[in-house]
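protein34.cif follows (mmCIF, C-alpha atoms and all ligand atoms):
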```cif
data_work
loop_
_atom_site.label_atom_id
_atom_site.label_comp_id
_atom_site.auth_asym_id
_atom_site.auth_seq_id
_atom_site.Cartn_x
_atom_site.Cartn_y
_atom_site.Cartn_z
CA MET T 697 -16.40 -32.61 -14.29
CA ALA T 698 -16.74 -28.95 -13.36
CA THR T 699 -14.27 -26.14 -13.94
CA VAL T 700 -13.08 -24.37 -10.81
CA VAL T 701 -11.18 -21.12 -11.28
CA VAL T 702 -8.85 -20.18 -8.44
CA THR T 703 -7.84 -16.53 -8.59
CA GLY T 704 -4.61 -16.69 -6.59
CA ARG T 705 -1.83 -18.97 -5.44
CA LEU T 706 -3.25 -21.35 -2.85
CA PRO T 707 -1.65 -24.30 -1.04
CA ASP T 708 -1.26 -27.46 -3.16
CA GLU T 709 -3.59 -29.33 -0.78
CA THR T 710 -6.42 -27.02 -1.85
CA LEU T 711 -5.97 -27.64 -5.54
CA GLY T 712 -5.53 -31.34 -4.71
CA ALA T 713 -8.84 -31.40 -2.79
CA LEU T 714 -10.63 -29.91 -5.79
CA ARG T 715 -8.98 -32.29 -8.28
CA ASP T 716 -9.61 -35.30 -6.02
CA ALA T 717 -13.29 -34.39 -6.16
CA GLY T 718 -13.07 -34.77 -9.96
CA HIS T 719 -12.90 -31.11 -10.97
CA GLU T 720 -10.68 -29.35 -13.44
CA VAL T 721 -8.75 -26.53 -11.75
CA ARG T 722 -7.65 -23.40 -13.55
CA ALA T 723 -5.53 -21.26 -11.25
CA TRP T 724 -3.73 -17.93 -11.43
CA GLU T 725 -0.20 -19.04 -10.75
CA HIS T 726 1.73 -15.80 -10.42
CA ASP T 727 2.61 -13.78 -7.35
CA GLY T 728 0.34 -10.90 -6.54
CA PRO T 729 -3.24 -10.22 -7.52
CA VAL T 730 -4.42 -11.11 -11.01
CA PRO T 731 -4.91 -7.98 -13.15
CA ARG T 732 -8.58 -7.33 -13.83
CA ASP T 733 -8.46 -7.88 -17.60
CA GLN T 734 -6.68 -11.20 -17.12
CA LEU T 735 -9.12 -12.15 -14.39
CA LEU T 736 -12.07 -11.57 -16.71
CA ALA T 737 -10.46 -13.88 -19.26
CA LEU T 738 -9.45 -16.47 -16.65
CA VAL T 739 -12.97 -16.99 -15.30
CA GLU T 740 -14.62 -17.66 -18.66
CA GLY T 741 -16.70 -20.83 -18.54
CA ALA T 742 -16.17 -21.43 -14.80
CA ASP T 743 -18.62 -23.44 -12.70
CA ALA T 744 -17.06 -22.25 -9.45
CA LEU T 745 -14.81 -19.41 -8.38
CA VAL T 746 -12.39 -19.51 -5.46
CA THR T 747 -11.57 -15.85 -4.86
CA LEU T 748 -9.31 -13.77 -2.66
CA VAL T 749 -10.16 -10.43 -1.05
CA THR T 750 -8.13 -8.69 -3.74
CA GLU T 751 -10.70 -9.64 -6.40
CA ARG T 752 -13.95 -7.73 -6.83
CA VAL T 753 -16.72 -10.20 -7.51
CA ASP T 754 -19.48 -8.25 -9.21
CA ALA T 755 -21.86 -8.41 -12.16
CA GLU T 756 -19.03 -7.80 -14.64
CA LEU T 757 -17.05 -10.77 -13.30
CA LEU T 758 -20.08 -13.05 -13.24
CA ASP T 759 -20.92 -11.99 -16.81
CA ALA T 760 -17.36 -12.81 -17.86
CA ALA T 761 -17.63 -16.21 -16.19
CA GLY T 762 -20.91 -16.99 -17.92
CA PRO T 763 -24.12 -18.65 -16.74
CA GLY T 764 -22.48 -21.81 -15.39
CA VAL T 765 -21.18 -20.32 -12.12
CA ARG T 766 -22.81 -21.91 -9.10
CA VAL T 767 -20.57 -20.90 -6.22
CA VAL T 768 -18.14 -18.17 -5.19
CA ALA T 769 -15.94 -19.40 -2.35
CA ASN T 770 -14.14 -16.38 -0.90
CA VAL T 771 -10.95 -17.30 0.94
CA ALA T 772 -11.47 -14.83 3.81
CA VAL T 773 -13.77 -14.21 6.71
CA GLY T 774 -14.65 -10.81 5.28
CA TYR T 775 -16.54 -10.81 1.99
CA ASP T 776 -16.97 -7.10 1.32
CA ASN T 777 -15.23 -7.73 -2.03
CA VAL T 778 -18.21 -9.82 -3.14
CA ASP T 779 -21.48 -8.27 -4.29
CA VAL T 780 -23.65 -10.76 -2.43
CA PRO T 781 -27.05 -9.43 -3.66
CA VAL T 782 -25.90 -9.70 -7.30
CA CYS T 783 -24.75 -13.28 -6.66
CA ALA T 784 -28.05 -14.08 -4.91
CA ASP T 785 -30.05 -12.67 -7.84
CA ARG T 786 -28.28 -15.12 -10.12
CA GLY T 787 -28.59 -18.05 -7.74
CA VAL T 788 -24.85 -18.13 -7.05
CA VAL T 789 -23.98 -19.39 -3.55
CA VAL T 790 -21.38 -17.30 -1.70
CA THR T 791 -19.25 -18.78 1.07
CA ASN T 792 -16.50 -17.45 3.34
CA THR T 793 -14.02 -19.00 5.76
CA PRO T 794 -15.05 -18.31 9.36
CA GLY T 795 -13.69 -20.21 12.33
CA VAL T 796 -10.19 -20.60 10.93
CA LEU T 797 -8.80 -17.11 11.31
CA ARG T 798 -8.09 -16.95 15.01
CA ARG T 799 -4.72 -15.37 15.44
CA PRO T 800 -4.03 -11.68 15.72
CA PRO T 801 -0.99 -10.37 13.86
CA GLN T 802 2.22 -11.75 15.26
CA THR T 803 4.80 -9.75 13.46
CA TRP T 804 5.51 -6.09 13.62
CA ARG T 805 7.39 -3.81 11.37
CA TRP T 806 9.63 -2.02 13.81
CA ARG T 807 10.65 1.42 12.68
CA TRP T 808 14.38 1.71 13.23
CA SER T 809 14.83 4.91 11.27
CA SER T 810 16.40 6.70 14.21
CA CYS T 811 18.37 3.72 15.42
CA PRO T 812 21.89 3.01 14.23
CA ARG T 813 22.45 -0.72 13.73
CA ALA T 814 25.46 -0.87 16.02
CA GLY T 815 23.97 0.59 19.14
CA TRP T 816 20.80 1.31 21.02
CA ALA T 817 17.85 3.26 19.67
CA ARG T 818 18.10 7.01 20.06
CA PRO T 819 14.65 8.47 20.29
CA SER T 820 14.54 12.23 20.86
CA GLY T 821 18.16 12.38 21.94
CA SER T 822 17.54 10.21 24.98
CA CYS T 823 20.44 7.89 24.26
CA GLY T 824 24.13 8.57 24.27
CA ARG T 825 27.42 6.73 24.06
CA GLY T 826 28.60 5.38 27.41
CA ARG T 827 32.21 5.24 28.60
CA SER T 828 32.46 1.67 27.33
CA GLY T 829 31.51 2.96 23.93
CA SER T 830 28.86 0.24 23.72
CA GLY T 831 25.93 2.63 23.62
CA VAL T 832 23.72 3.52 26.59
CA CYS T 833 20.11 4.56 26.75
CA SER T 834 18.48 6.76 29.34
CA TYR T 835 16.23 5.08 31.88
CA ALA T 836 13.25 6.67 30.18
CA ALA T 837 14.08 5.70 26.62
CA LEU T 838 11.47 3.88 24.56
CA LEU T 839 9.00 3.62 27.40
CA GLY T 840 5.62 2.20 26.51
CA ARG T 841 2.51 1.56 28.57
CA GLY T 842 1.82 -1.79 30.26
CA LEU T 843 -1.41 -3.62 29.54
CA GLN T 844 -2.07 -5.04 33.02
CA GLY T 845 -5.25 -3.53 34.45
CA ARG T 846 -6.00 -1.51 31.33
CA THR T 847 -9.13 -1.67 29.24
CA LEU T 848 -9.47 -3.21 25.81
CA GLY T 849 -12.45 -2.05 23.78
CA ILE T 850 -13.50 -4.56 21.13
CA VAL T 851 -15.64 -3.27 18.29
CA GLY T 852 -17.41 -6.43 17.11
CA LEU T 853 -17.22 -9.43 19.45
CA GLY T 854 -17.42 -12.14 16.77
CA GLY T 855 -14.98 -15.04 16.45
CA ILE T 856 -11.88 -12.91 15.93
CA GLY T 857 -12.91 -10.28 18.49
CA ARG T 858 -13.36 -13.03 21.06
CA ALA T 859 -10.01 -14.62 20.27
CA THR T 860 -8.36 -11.22 20.70
CA ALA T 861 -10.20 -10.65 23.98
CA ARG T 862 -9.05 -14.04 25.32
CA ARG T 863 -5.44 -13.11 24.65
CA ALA T 864 -5.93 -9.70 26.24
CA ARG T 865 -7.36 -11.34 29.36
CA ALA T 866 -4.09 -13.22 29.68
CA PHE T 867 -2.41 -9.80 29.94
CA GLY T 868 -4.79 -8.80 32.74
CA MET T 869 -6.92 -6.46 30.65
CA HIS T 870 -10.58 -5.60 31.24
CA ILE T 871 -12.85 -6.09 28.25
CA LEU T 872 -15.58 -3.82 26.95
CA TYR T 873 -17.31 -4.50 23.67
CA THR T 874 -19.77 -2.93 21.30
CA GLY T 875 -21.85 -4.68 18.70
CA ARG T 876 -25.29 -5.03 17.23
CA ARG T 877 -26.42 -7.53 19.85
CA ASP T 878 -25.41 -9.04 23.17
CA ALA T 879 -22.74 -11.74 22.99
CA PRO T 880 -23.81 -15.18 24.26
CA SER T 881 -23.81 -15.37 28.05
CA ASP T 882 -21.06 -18.01 28.21
CA VAL T 883 -18.77 -15.72 26.17
CA VAL T 884 -19.60 -12.72 28.36
CA GLU T 885 -18.87 -14.80 31.45
CA GLU T 886 -15.63 -16.24 30.11
CA LEU T 887 -14.30 -12.84 29.08
CA GLY T 888 -15.86 -10.77 31.86
CA ALA T 889 -16.93 -8.54 29.00
CA ARG T 890 -19.43 -5.68 29.28
CA ARG T 891 -21.40 -4.32 26.33
CA VAL T 892 -21.44 -0.53 25.98
CA GLU T 893 -22.16 2.05 23.30
CA LEU T 894 -19.31 2.98 20.96
CA ALA T 895 -18.87 6.41 22.57
CA GLU T 896 -18.34 4.90 26.04
CA LEU T 897 -16.04 2.23 24.67
CA LEU T 898 -13.84 4.87 23.05
CA GLU T 899 -13.71 7.01 26.16
CA ALA T 900 -12.90 4.09 28.47
CA GLY T 901 -10.63 2.09 26.17
CA ASP T 902 -6.84 2.23 26.51
CA VAL T 903 -6.70 0.12 23.38
CA VAL T 904 -9.59 -0.13 20.93
CA SER T 905 -9.49 -2.97 18.43
CA MET T 906 -11.68 -3.17 15.34
CA HIS T 907 -13.18 -6.60 14.53
CA LEU T 908 -16.29 -5.87 12.52
CA PRO T 909 -17.15 -6.52 8.88
CA TYR T 910 -17.08 -3.68 6.37
CA SER T 911 -20.34 -2.51 4.81
CA ALA T 912 -22.04 0.77 3.95
CA ALA T 913 -23.25 0.84 7.57
CA THR T 914 -19.73 0.59 9.02
CA HIS T 915 -18.00 2.93 6.55
CA HIS T 916 -15.90 5.43 8.58
CA LEU T 917 -17.40 4.18 11.84
CA VAL T 918 -14.34 5.72 13.45
CA GLY T 919 -13.68 9.27 12.26
CA ALA T 920 -12.36 12.50 13.75
CA ASP T 921 -14.98 12.69 16.52
CA GLU T 922 -14.43 9.11 17.60
CA LEU T 923 -10.64 9.53 17.62
CA ALA T 924 -11.05 12.61 19.80
CA ARG T 925 -13.06 10.50 22.25
CA LEU T 926 -10.31 7.86 22.27
CA GLY T 927 -7.86 10.44 23.53
CA PRO T 928 -4.11 11.09 23.73
CA THR T 929 -3.10 8.08 25.86
CA SER T 930 -5.01 5.43 23.90
CA TYR T 931 -4.29 3.29 20.87
CA LEU T 932 -6.36 2.16 17.89
CA VAL T 933 -5.81 -1.25 16.31
CA ASN T 934 -7.42 -2.10 12.98
CA THR T 935 -7.06 -5.62 11.60
CA ALA T 936 -10.58 -5.70 10.13
CA ARG T 937 -11.04 -3.60 6.99
CA GLY T 938 -9.44 -0.24 6.24
CA PRO T 939 -12.56 1.79 5.40
CA VAL T 940 -14.16 1.23 8.83
CA VAL T 941 -11.74 3.99 9.88
CA ASP T 942 -11.50 7.39 8.20
CA GLU T 943 -7.81 7.13 7.28
CA GLU T 944 -7.40 10.84 6.62
CA ALA T 945 -8.76 11.63 10.09
CA LEU T 946 -6.53 8.95 11.59
CA VAL T 947 -3.39 10.39 10.03
CA HIS T 948 -4.34 13.80 11.38
CA ALA T 949 -5.02 12.40 14.88
CA LEU T 950 -1.66 10.60 14.89
CA GLN T 951 0.17 13.70 13.69
CA GLU T 952 -1.50 15.91 16.29
CA GLY T 953 -1.23 13.43 19.18
CA THR T 954 -5.02 13.28 19.49
CA ILE T 955 -4.45 9.56 20.08
CA ALA T 956 -1.25 7.90 21.30
CA GLY T 957 -0.75 5.55 18.39
CA ALA T 958 -2.17 2.93 16.08
CA GLY T 959 -1.50 -0.58 14.83
CA LEU T 960 -2.80 -1.20 11.32
CA ASP T 961 -2.95 -4.30 9.17
CA VAL T 962 -5.51 -2.91 6.74
CA TYR T 963 -5.87 0.35 4.80
CA GLU T 964 -8.66 2.38 3.32
CA HIS T 965 -7.35 2.15 -0.25
CA GLU T 966 -5.40 -1.11 -0.26
CA PRO T 967 -2.85 -1.81 -1.49
CA ARG T 968 -2.07 1.91 -1.29
CA VAL T 969 -1.03 3.12 2.13
CA HIS T 970 -1.70 6.77 3.01
CA PRO T 971 1.69 8.50 2.60
CA GLY T 972 1.13 10.34 5.89
CA LEU T 973 1.18 7.02 7.76
CA LEU T 974 4.60 6.15 6.38
CA GLU T 975 6.09 9.27 7.95
CA LEU T 976 4.89 8.61 11.49
CA GLU T 977 6.71 7.05 14.44
CA ASN T 978 3.57 6.31 16.46
CA VAL T 979 2.06 3.76 14.10
CA VAL T 980 2.93 0.14 13.33
CA LEU T 981 2.07 -0.90 9.77
CA LEU T 982 1.60 -4.42 8.43
CA PRO T 983 0.66 -5.39 4.88
CA HIS T 984 -2.68 -7.19 5.56
CA VAL T 985 -1.06 -10.29 7.06
CA GLY T 986 -3.43 -10.95 9.97
CA SER T 987 -4.17 -14.40 8.58
CA ALA T 988 -0.62 -15.14 7.44
CA THR T 989 0.28 -18.33 9.24
CA VAL T 990 0.71 -21.59 7.35
CA GLU T 991 -2.04 -23.17 9.46
CA THR T 992 -4.58 -20.38 8.98
CA ARG T 993 -4.04 -19.75 5.28
CA THR T 994 -4.10 -23.50 4.55
CA GLY T 995 -7.23 -23.94 6.68
CA MET T 996 -9.01 -21.07 4.92
CA ALA T 997 -8.13 -22.32 1.45
CA LEU T 998 -9.20 -25.89 2.28
CA LEU T 999 -12.50 -24.62 3.68
CA ALA T 1000 -13.10 -22.69 0.45
CA ALA T 1001 -12.41 -25.90 -1.52
CA ARG T 1002 -14.86 -27.86 0.67
CA ASN T 1003 -17.51 -25.25 -0.05
CA VAL T 1004 -16.94 -25.56 -3.80
CA VAL T 1005 -17.00 -29.35 -3.73
CA ALA T 1006 -20.21 -29.39 -1.67
CA VAL T 1007 -22.09 -26.94 -3.90
CA LEU T 1008 -20.95 -28.60 -7.13
CA ALA T 1009 -22.16 -31.93 -5.68
CA GLY T 1010 -25.60 -30.39 -5.05
CA GLU T 1011 -25.10 -30.30 -1.28
CA ASP T 1012 -25.42 -27.43 1.17
CA PRO T 1013 -22.35 -25.21 1.47
CA VAL T 1014 -20.36 -25.61 4.68
CA THR T 1015 -20.09 -21.91 5.48
CA PRO T 1016 -22.50 -19.82 3.41
CA VAL T 1017 -22.60 -16.09 3.97
CA GLY T 1018 -25.67 -14.07 4.80
C1 LIG F 1101 -10.13 -12.14 6.13
O1 LIG F 1101 -10.22 -13.35 6.38
O2 LIG F 1101 -11.12 -11.43 5.98
C2 LIG F 1101 -8.77 -11.58 5.97
O3 LIG F 1101 -8.75 -10.21 6.01
C3 LIG F 1101 -8.20 -12.07 4.67
O4 LIG F 1101 -6.84 -12.07 4.75
#
```

What would the structure in this file look like if it were written as structure tokens?
Amino acid sequence: MATVVVTGRLPDETLGALRDAGHEVRAWEHDGPVPRDQLLALVEGADALVTLVTERVDAELLDAAGPGVRVVANVAVGYDNVDVPVCADRGVVVTNTPGVLRRPPQTWRWRWSSCPRAGWARPSGSCGRGRSGSGVCSYAALLGRGLQGRTLGIVGLGGIGRATARRARAFGMHILYTGRRDAPSDVVEELGARRVELAELLEAGDVVSMHLPYSAATHHLVGADELARLGPTSYLVNTARGPVVDEEALVHALQEGTIAGAGLDVYEHEPRVHPGLLELENVVLLPHVGSATVETRTGMALLAARNVVAVLAGEDPVTPVG
């Protein structure tokens, strides 16, 4: 029997899958991320770790766990929280959860600060009370831009980028993408997607959506210069990892109208959100919930459990990273 430490609250099925395979499960059972000092104590003597993106998996954590750890199963597609070379040096297998996370964010925090509850929104004085007293908005109030015929630029046409592009096609958008290599020809054909350099993608994109992993190479991939290329009628969406965008530069661009707006699910210094973002009306902020459907979160957690069970049984992991 091996000891599997689970560093966050996961669906019962996941813990059940691990116990059914004969393992002892030690799980952090409180809401929110486990504080570091408690995490270091929790992992002691573990054979396997099931981790969330909120936990840094590094030499210190592996030392605290001890020499028995054979696998780190990260419950996320992204694994920038895991020091993969350090794990590899110690012969610890690292896995992630690709192929489950397919849905872009479906909820928005709508900023009603200027909108009285009993009436219509009143942006910039464009609304007024009608004779009926029911509240009337001007014809031009709250106008946005349609997506039909516009261009979506996808930075990173992996599984999630493709899923986003498919949905955008349903809105009649044209797809450009940038990435390290050409996408497979069937994907290019299905999406009618054209590969371009980042600069061209930013200049042509009405919406640019980030879908690439975070690493030293992608740190601040989008900064002040790139936002200037995007321009005052275009939008930036980041559901990947916060630090791929220079958040300070983004706040400035949103304040100055260098770009039209942004939709963010991730932040450079999570869980802290740049205070400048909270003041703005041209940004939609979500608290890293891109994967937050019952189906996706359950699927990711079960995949992490399958990886642990496979490695502890001496088999190949299902979805190793690297
Ligand atoms: C992922 O899968 O990388 C998500 O960001 C985790 O919620």

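A straight line drawn from atom CA of Pro731 of chain T to atom O4 of ligand LIG 1101 (chain F) is 18.5 Å long.
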
Dump the neighbourhood of ligand LIG 1101 (chain F) as a PyMOL selection string: all residues within 12 Å, distances computed on all atoms listed in the file. chain T and resi 747-751+770-778+791-801+855-856+907-910+934-938+961-963+966+982-989+992-997+999-1000

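Checking T:Val947, T:Val700, T:Val892, T:Ala924 one by one against Asn978 of chain T, counting all atoms listed in the file, you find the shortest gap at T:Val947.
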
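One finds atom CA of Pro1013 of chain T at 18.0 Å from atom CA of Arg715 of chain T.
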
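Closest approach to Glu709 of chain T among T:Ala1009, T:Leu932, T:Leu998, T:Leu946: T:Leu998, based on only C-alpha atoms.
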
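Across the model, the gap from atom CA of Pro967 of chain T to atom CA of Glu725 of chain T is 19.7 Å.
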